[in-house]
Amino acid sequence: MSAGPTRPARIPPPDLPGLAPEWSRLVEVPGAGTWHVLERPATGVPELTVIAVHGNPTWSYLWRRLLATAPPTWRVIAPDQAGMGYSERLGDARPRRLAQRVADLGALTDVLEVRGPVVTVAHDWGGPISLGWVLGHRDQVRGVVLTNTAVHQPEGAPAPTLIRLARSKPILRAVTEQTGTFVRGTTALSRPSLRALRPMDPTVAAAFAAPYGDAASRVAVRDFVADIPLEDDHPSAAALDAIAEGVRALGDTPVLLAWGSDDPVFSDRYLRDLLQRMPHADVHRYERARHLVTEDAQACVDDIVRWIEIVGSRARVASSAPREGSAVPVTRPIGAALESRADDPGVAIADLRAGRSVSWSLLARRTREIAAGLTELGVRPGDRIAMLVPPGPDLVATVYAAWAMGAVVVAADAGLGVRGMRRALRSATPDHVVGIPAGIALARTIAIPGRHVVVGARRVPGADVTLAEVARVGRELGDDARGLPSLPTSDAVIAFTSGATGPPKGVVYTHERLCALRDALRAAYGISDGTSGRADALVAAFPPWALLGPALGIASAIPDMDLTDASTLNASTAGRAAAAVGPREGSSGGVLMWTSPTALRAILDTAGSAGPDERAALERLRLLLVAGAPVPADLLARAQEVMPEAVIATPYGMTEALPLTEVRLEELLGAQSSDGVLVGRPLAGVDVAIAPLDSIGRPAPAASEEELVSAAGVTGEIVVRCAWMRSRYDRRWATQAHADSPPGWHRTADVGHLDGEGRLWVEGRLAHVIATPRGAVTPVGPEMVAQAVSGVARAACVGVGPRGTQSVVVVLEEGDARGLELVDIDTTIGVRRAVLRECGVDVAAVLRTAALPVDIRHRSKIDRAAVARDASRLLAGDLEVADG
């Protein structure tokens, strides 16, 4: 290729957004010309030097926020690589190859007299270049940060389409050099703030493109693309291979992978490859962020700085990488009760959706067969298996088989919706999948590798084997092929949050914590598996809870309902489920029901249409547990009429820890308040404390538990700890670092307070706290008052306007509303007066809508952020008000 003309290095224009002119300097680099370098010197002797390396076709401007955010004790250096940004255009006859660029970076750091400790930060093709430098300067390196990059093309996977197109000879020069297509296209992919596909600020996009205004300035952009070694005989292939293998030796070097999940160039398959080479790495995936993750995810740079601070101080928070297990197996494995009932012909699971019941003996046998069969097919301890199967006998047997052989269950249930399931699976990167045909099809769209096992059908496209065939292989092998016993600290399951306040997050439970949950449920609710002469049973009206039936040693019934819509349950189907697993004649025991507020409301609304046997089964319930969202006391009082023998309780908790507290109906009825929802006293083994809110709703950092408070009446973020709390978040390092504050506790992101009796009251979600000029306002209290005054079942209290000056708006759910609209004047006056009197909160406006947006899984958690956006648009005149 021809070289471009020589052009001297320059200082960038002084008006580029976010770039301080005093950071720029020109540096002579031996053999590489004059470079433009951004440098933010340390105050005094630097505690740490950060070297930030850009990729193609960006420049050091990519790291402007890192320079601005870094502590003053750090020296931060961000160069424009040779021929890039505002560095000199050399006019070389040949393009600079990867090995040369690694040497160039070393020459620069020599000139700048960089000494350890050093942390490198890199993006795109700056990743291999910085790693090449790291491998040559191991004695200086304290840590490595990589954002959306690659060191190897995974086997069997084509190179990214955009790269293959740009690199093809017919169009290479046209898109990279002769026009600004490649430069402009890179910033066009960005979606800052992750809001509704909002493009990058035009002034920022222009700043990224500023050094590349003509063909002569873009020669190195072309050469960078041409230097991507897609062929084995490419001049840079050997250098990249050496770096790809060399990073395997960085096991004692802290690594952070900060990853944009929606990058069309360096997708999750490259993250997977890096994790295979550096399994100790901390990971944070920024959902919906794309290639320029530091631009798209506003928190990314702050998270990088925090990680470097931790690495620099040699204090490590809990890693998002799997921890090593101890050498001692779990004393009573999660499947012990199932094995103990292996000769029991009684019903273990009654799946009324499929009209199928399975005995304990069959379930135990099938579990052993599947475990042996999966092992024979190449599934290994530690492998992640996505379970895309509805709750029922097949799912239960496969889950307990995975646990028995040491595999990790990835539980992306249908309650997340298809989009949520896709994001969850991409985040967890399973090694194998077990699914119904629709699940197998979904797995194909996100390229899950390994074995694809189809359930309940003959082989379908994309499936290697059926579950029946797996079981047959295991049956022929016997127990010889089963995996190793699970260790206490081995991962058991990755469950996902509902996504009600953001993308679903993967929550990891180890075997010891899952067993602690089993034991806590037994203790809290007196659950008996029959060894004491009384055998209980469970109706899982929130079907995923059926998975815990075998662990508890009790029979489970799954009602005939749409698993993605809790409102499809009714009294008849709930009653038939209770009857299917009720105590046999002459035996003692009771039936428990675990349900959500939406499902319970559906049962009560249809109670009159249930048959006599169905009503009788409901009347005999021993225990009703209602969880998933705040539960109105009047709903539970109605439930007591339909289920007169049941103890009715509402456990409080979340995917990360459940149950934590509990309140029973009698206490709830006598404790009505406008300060929130009473969720009761902590269960045995649970600690609850509060991180107080400031005037604009930010919780105290609380680095140590001494900074938490338990005084009555103090509102703040609820912070908890117990033995059955989640182990960590999966590939969410920053989320984990925040949630583990103080260490050993979990920040729930709920707000509430403790009363004088030590009872917990929940006032809403932290993300939904309203920051008014008079202080922070939590939403649940005003919502409860508004519901009582207006007679509606649901209301949402939200903030409109800039944080710190927000106005309070109440939105009522009224079925006859036409879109979002103002309520009548009498309702407005009544709600405003009542909320001011009961809560001391000024309501600026009262609106109504036919249906408030709720989460898919529970149909109970209101998406207050969406309500606030629509209310803001309506009150600003951007959303049309319904006529009338």
# chains A, B, ... in the order shown; residues from 1 in each chain; ligands from 1
call {"tool": "residues_around", "arguments": {"residues": "Gly804 (chain A)", "least_positions_apart": "2", "cutoff": "8 Å", "atoms": "only C-alpha atoms", "output": "list in words"}}
result
Ile696, Ala771, Thr772, Pro773, Gly775, Pro802 and Gln806 of chain A
call {"tool": "write_last_selection", "arguments": {"atoms": "N, CA and C atoms", "output": "JSON list (two decimals), in the first residue's frame"}}
result
[["chain", "number", "residue", "atom", "x", "y", "z"],
["A", 696, "ILE", "N", -31.24, 14.54, 48.99],
["A", 696, "ILE", "CA", -31.67, 14.26, 47.62],
["A", 696, "ILE", "C", -31.77, 12.75, 47.37],
["A", 771, "ALA", "N", -36.52, 13.48, 44.66],
["A", 771, "ALA", "CA", -35.68, 14.51, 45.29],
["A", 771, "ALA", "C", -36.33, 15.87, 45.09],
["A", 772, "THR", "N", -37.10, 16.32, 46.09],
["A", 772, "THR", "CA", -37.82, 17.60, 46.01],
["A", 772, "THR", "C", -37.00, 18.70, 46.69],
["A", 773, "PRO", "N", -37.38, 19.97, 46.52],
["A", 773, "PRO", "CA", -36.66, 21.04, 47.22],
["A", 773, "PRO", "C", -36.74, 20.91, 48.74],
["A", 775, "GLY", "N", -36.67, 17.99, 50.35],
["A", 775, "GLY", "CA", -36.02, 16.76, 50.79],
["A", 775, "GLY", "C", -36.49, 15.56, 50.00],
["A", 802, "PRO", "N", -35.90, 18.16, 37.28],
["A", 802, "PRO", "CA", -34.50, 17.88, 37.64],
["A", 802, "PRO", "C", -34.36, 17.41, 39.08],
["A", 806, "GLN", "N", -37.47, 18.25, 42.05],
["A", 806, "GLN", "CA", -38.58, 17.50, 41.47],
["A", 806, "GLN", "C", -39.91, 17.82, 42.13]]
call {"tool": "residues_around", "arguments": {"residues": "region 729-734 of chain A", "least_positions_apart": "4", "cutoff": "8 Å", "atoms": "only C-alpha atoms", "output": "PyMOL selection string"}}
result
chain A and resi 282-285+303+319-321+427-428+494+505-508+738
call {"tool": "residues_around", "arguments": {"residues": "region 628-636 of chain A", "least_positions_apart": "3", "cutoff": "7 Å", "atoms": "only C-alpha atoms", "output": "ChimeraX atom specification"}}
result
/A:596-597,639-640,665,668-669,677,858,860-861
call {"tool": "write_last_selection", "arguments": {"atoms": "N, CA, C and O atoms", "output": "CSV table (one decimal), in the first residue's frame"}}
result
chain,number,residue,atom,x,y,z
A,596,SER,N,-47.9,-14.9,44.3
A,596,SER,CA,-47.7,-13.4,44.2
A,596,SER,C,-49.0,-12.7,44.4
A,596,SER,O,-50.1,-13.3,44.3
A,597,PRO,N,-48.9,-11.4,44.7
A,597,PRO,CA,-50.2,-10.6,44.9
A,597,PRO,C,-51.1,-10.7,43.7
A,597,PRO,O,-52.3,-10.8,43.9
A,639,ALA,N,-58.3,-13.2,51.5
A,639,ALA,CA,-57.8,-14.5,51.3
A,639,ALA,C,-58.1,-15.4,52.6
A,639,ALA,O,-58.4,-16.6,52.4
A,640,GLN,N,-58.1,-14.8,53.7
A,640,GLN,CA,-58.4,-15.5,54.9
A,640,GLN,C,-59.8,-16.1,54.9
A,640,GLN,O,-60.1,-17.2,55.4
A,665,LEU,N,-50.9,-11.9,58.9
A,665,LEU,CA,-52.1,-11.1,58.7
A,665,LEU,C,-52.5,-10.4,59.9
A,665,LEU,O,-52.8,-9.2,59.8
A,668,LEU,N,-50.5,-7.4,60.5
A,668,LEU,CA,-50.6,-6.4,59.4
A,668,LEU,C,-51.9,-5.6,59.5
A,668,LEU,O,-51.9,-4.4,59.3
A,669,LEU,N,-52.9,-6.3,59.9
A,669,LEU,CA,-54.2,-5.6,60.0
A,669,LEU,C,-54.2,-4.5,61.1
A,669,LEU,O,-54.9,-3.5,61.1
A,677,VAL,N,-45.1,0.0,53.8
A,677,VAL,CA,-45.7,-1.3,54.0
A,677,VAL,C,-44.9,-2.1,55.0
A,677,VAL,O,-43.7,-2.2,54.9
A,858,HIS,N,-43.8,-10.9,37.8
A,858,HIS,CA,-44.8,-10.9,38.9
A,858,HIS,C,-46.1,-10.2,38.6
A,858,HIS,O,-47.1,-10.3,39.3
A,860,SER,N,-46.6,-7.2,39.2
A,860,SER,CA,-47.0,-6.5,40.5
A,860,SER,C,-46.1,-5.3,40.7
A,860,SER,O,-46.5,-4.3,41.2
A,861,LYS,N,-44.8,-5.3,40.2
A,861,LYS,CA,-43.9,-4.2,40.5
A,861,LYS,C,-44.1,-3.1,39.4
A,861,LYS,O,-43.9,-3.4,38.2
call {"tool": "select_by_dssp", "arguments": {"residues": "region 343-559 of chain A", "states": "alpha helix (DSSP H)", "output": "NGL selection string"}}
result
:A and (360-376 or 393-404 or 417-428 or 437-445 or 467-477 or 511-525 or 549-552)
call {"tool": "closest_residue", "arguments": {"among": "A:Pro391, A:Gly653, A:Pro229, A:Gly781", "to": "Val719 (chain A)", "atoms": "only C-alpha atoms"}}
result
A:Gly653
call {"tool": "atom_distance", "arguments": {"atom1": "CA of Asp296 (chain A)", "atom2": "CA of Trp63 (chain A)"}}
result
13.2 Å
call {"tool": "select_by_dssp", "arguments": {"residues": "region 47-150 of chain A", "states": "strand (DSSP E or B)", "output": "JSON, numbers by chain"}}
result
{"A": [48, 49, 50, 51, 52, 53, 74, 75, 76, 77, 78, 79, 89, 118, 119, 120, 121, 122, 123, 141, 142, 143, 144, 145, 146, 147]}
call {"tool": "decode", "arguments": {"residues": "region 691-704 of chain A", "atoms": "all heavy atoms", "output": "mmCIF file, in the first residue's frame"}}
result
data_model
loop_
_atom_site.group_PDB
_atom_site.id
_atom_site.type_symbol
_atom_site.label_atom_id
_atom_site.label_comp_id
_atom_site.auth_asym_id
_atom_site.auth_seq_id
_atom_site.Cartn_x
_atom_site.Cartn_y
_atom_site.Cartn_z
ATOM 1 N N ALA A 691 -29.009 2.312 55.774
ATOM 2 C CA ALA A 691 -28.026 3.315 55.348
ATOM 3 C C ALA A 691 -28.805 4.592 55.057
ATOM 4 O O ALA A 691 -29.509 4.679 54.042
ATOM 5 C CB ALA A 691 -27.279 2.843 54.105
ATOM 6 N N PRO A 692 -28.757 5.598 55.955
ATOM 7 C CA PRO A 692 -29.661 6.752 55.852
ATOM 8 C C PRO A 692 -29.522 7.514 54.529
ATOM 9 O O PRO A 692 -28.447 7.582 53.932
ATOM 10 C CB PRO A 692 -29.229 7.631 57.034
ATOM 11 C CG PRO A 692 -28.540 6.703 57.979
ATOM 12 C CD PRO A 692 -27.868 5.676 57.125
ATOM 13 N N LEU A 693 -30.650 8.102 54.091
ATOM 14 C CA LEU A 693 -30.664 8.927 52.884
ATOM 15 C C LEU A 693 -30.288 10.355 53.212
ATOM 16 O O LEU A 693 -30.596 10.871 54.295
ATOM 17 C CB LEU A 693 -32.060 8.925 52.257
ATOM 18 C CG LEU A 693 -32.653 7.598 51.791
ATOM 19 C CD1 LEU A 693 -34.025 7.846 51.171
ATOM 20 C CD2 LEU A 693 -31.735 6.896 50.810
ATOM 21 N N ASP A 694 -29.638 11.034 52.246
ATOM 22 C CA ASP A 694 -29.414 12.467 52.395
ATOM 23 C C ASP A 694 -30.602 13.219 51.802
ATOM 24 O O ASP A 694 -31.623 12.615 51.420
ATOM 25 C CB ASP A 694 -28.083 12.891 51.773
ATOM 26 C CG ASP A 694 -28.037 12.687 50.254
ATOM 27 O OD1 ASP A 694 -29.102 12.455 49.638
ATOM 28 O OD2 ASP A 694 -26.930 12.772 49.679
ATOM 29 N N SER A 695 -30.495 14.533 51.664
ATOM 30 C CA SER A 695 -31.646 15.354 51.267
ATOM 31 C C SER A 695 -32.112 15.094 49.843
ATOM 32 O O SER A 695 -33.250 15.410 49.485
ATOM 33 C CB SER A 695 -31.309 16.837 51.431
ATOM 34 O OG SER A 695 -30.201 17.177 50.593
ATOM 35 N N ILE A 696 -31.239 14.536 48.993
ATOM 36 C CA ILE A 696 -31.669 14.255 47.625
ATOM 37 C C ILE A 696 -31.771 12.753 47.368
ATOM 38 O O ILE A 696 -31.754 12.290 46.227
ATOM 39 C CB ILE A 696 -30.762 14.930 46.582
ATOM 40 C CG1 ILE A 696 -29.318 14.446 46.693
ATOM 41 C CG2 ILE A 696 -30.841 16.431 46.682
ATOM 42 C CD1 ILE A 696 -28.447 14.926 45.540
ATOM 43 N N GLY A 697 -31.850 11.976 48.450
ATOM 44 C CA GLY A 697 -32.160 10.569 48.305
ATOM 45 C C GLY A 697 -30.996 9.646 48.073
ATOM 46 O O GLY A 697 -31.190 8.505 47.663
ATOM 47 N N ARG A 698 -29.769 10.087 48.359
ATOM 48 C CA ARG A 698 -28.611 9.212 48.215
ATOM 49 C C ARG A 698 -28.321 8.530 49.549
ATOM 50 O O ARG A 698 -28.251 9.199 50.582
ATOM 51 C CB ARG A 698 -27.387 9.999 47.763
ATOM 52 C CG ARG A 698 -27.525 10.639 46.391
ATOM 53 C CD ARG A 698 -26.355 11.523 46.072
ATOM 54 N NE ARG A 698 -26.179 12.548 47.089
ATOM 55 C CZ ARG A 698 -25.349 13.593 46.973
ATOM 56 N NH1 ARG A 698 -24.621 13.731 45.892
ATOM 57 N NH2 ARG A 698 -25.245 14.473 47.953
ATOM 58 N N PRO A 699 -28.119 7.193 49.544
ATOM 59 C CA PRO A 699 -27.839 6.495 50.803
ATOM 60 C C PRO A 699 -26.410 6.700 51.248
ATOM 61 O O PRO A 699 -25.502 6.908 50.420
ATOM 62 C CB PRO A 699 -28.105 5.026 50.453
ATOM 63 C CG PRO A 699 -27.804 4.943 48.995
ATOM 64 C CD PRO A 699 -28.215 6.268 48.406
ATOM 65 N N ALA A 700 -26.192 6.635 52.557
ATOM 66 C CA ALA A 700 -24.842 6.742 53.100
ATOM 67 C C ALA A 700 -23.969 5.612 52.553
ATOM 68 O O ALA A 700 -24.436 4.472 52.435
ATOM 69 C CB ALA A 700 -24.885 6.690 54.622
ATOM 70 N N PRO A 701 -22.689 5.881 52.222
ATOM 71 C CA PRO A 701 -21.822 4.834 51.673
ATOM 72 C C PRO A 701 -21.629 3.654 52.611
ATOM 73 O O PRO A 701 -21.600 2.508 52.175
ATOM 74 C CB PRO A 701 -20.501 5.565 51.415
ATOM 75 C CG PRO A 701 -20.855 7.011 51.345
ATOM 76 C CD PRO A 701 -22.021 7.193 52.260
ATOM 77 N N ALA A 702 -21.462 3.909 53.909
ATOM 78 C CA ALA A 702 -21.349 2.863 54.932
ATOM 79 C C ALA A 702 -20.287 1.823 54.581
ATOM 80 O O ALA A 702 -20.592 0.680 54.261
ATOM 81 C CB ALA A 702 -22.696 2.189 55.166
ATOM 82 N N ALA A 703 -19.027 2.238 54.624
ATOM 83 C CA ALA A 703 -17.928 1.311 54.336
ATOM 84 C C ALA A 703 -17.770 0.267 55.438
ATOM 85 O O ALA A 703 -17.212 -0.802 55.211
ATOM 86 C CB ALA A 703 -16.626 2.099 54.168
ATOM 87 N N SER A 704 -18.247 0.568 56.640
ATOM 88 C CA SER A 704 -18.200 -0.406 57.733
ATOM 89 C C SER A 704 -19.581 -0.483 58.366
ATOM 90 O O SER A 704 -20.384 0.445 58.272
ATOM 91 C CB SER A 704 -17.173 0.007 58.793
ATOM 92 O OG SER A 704 -17.595 1.176 59.469
#
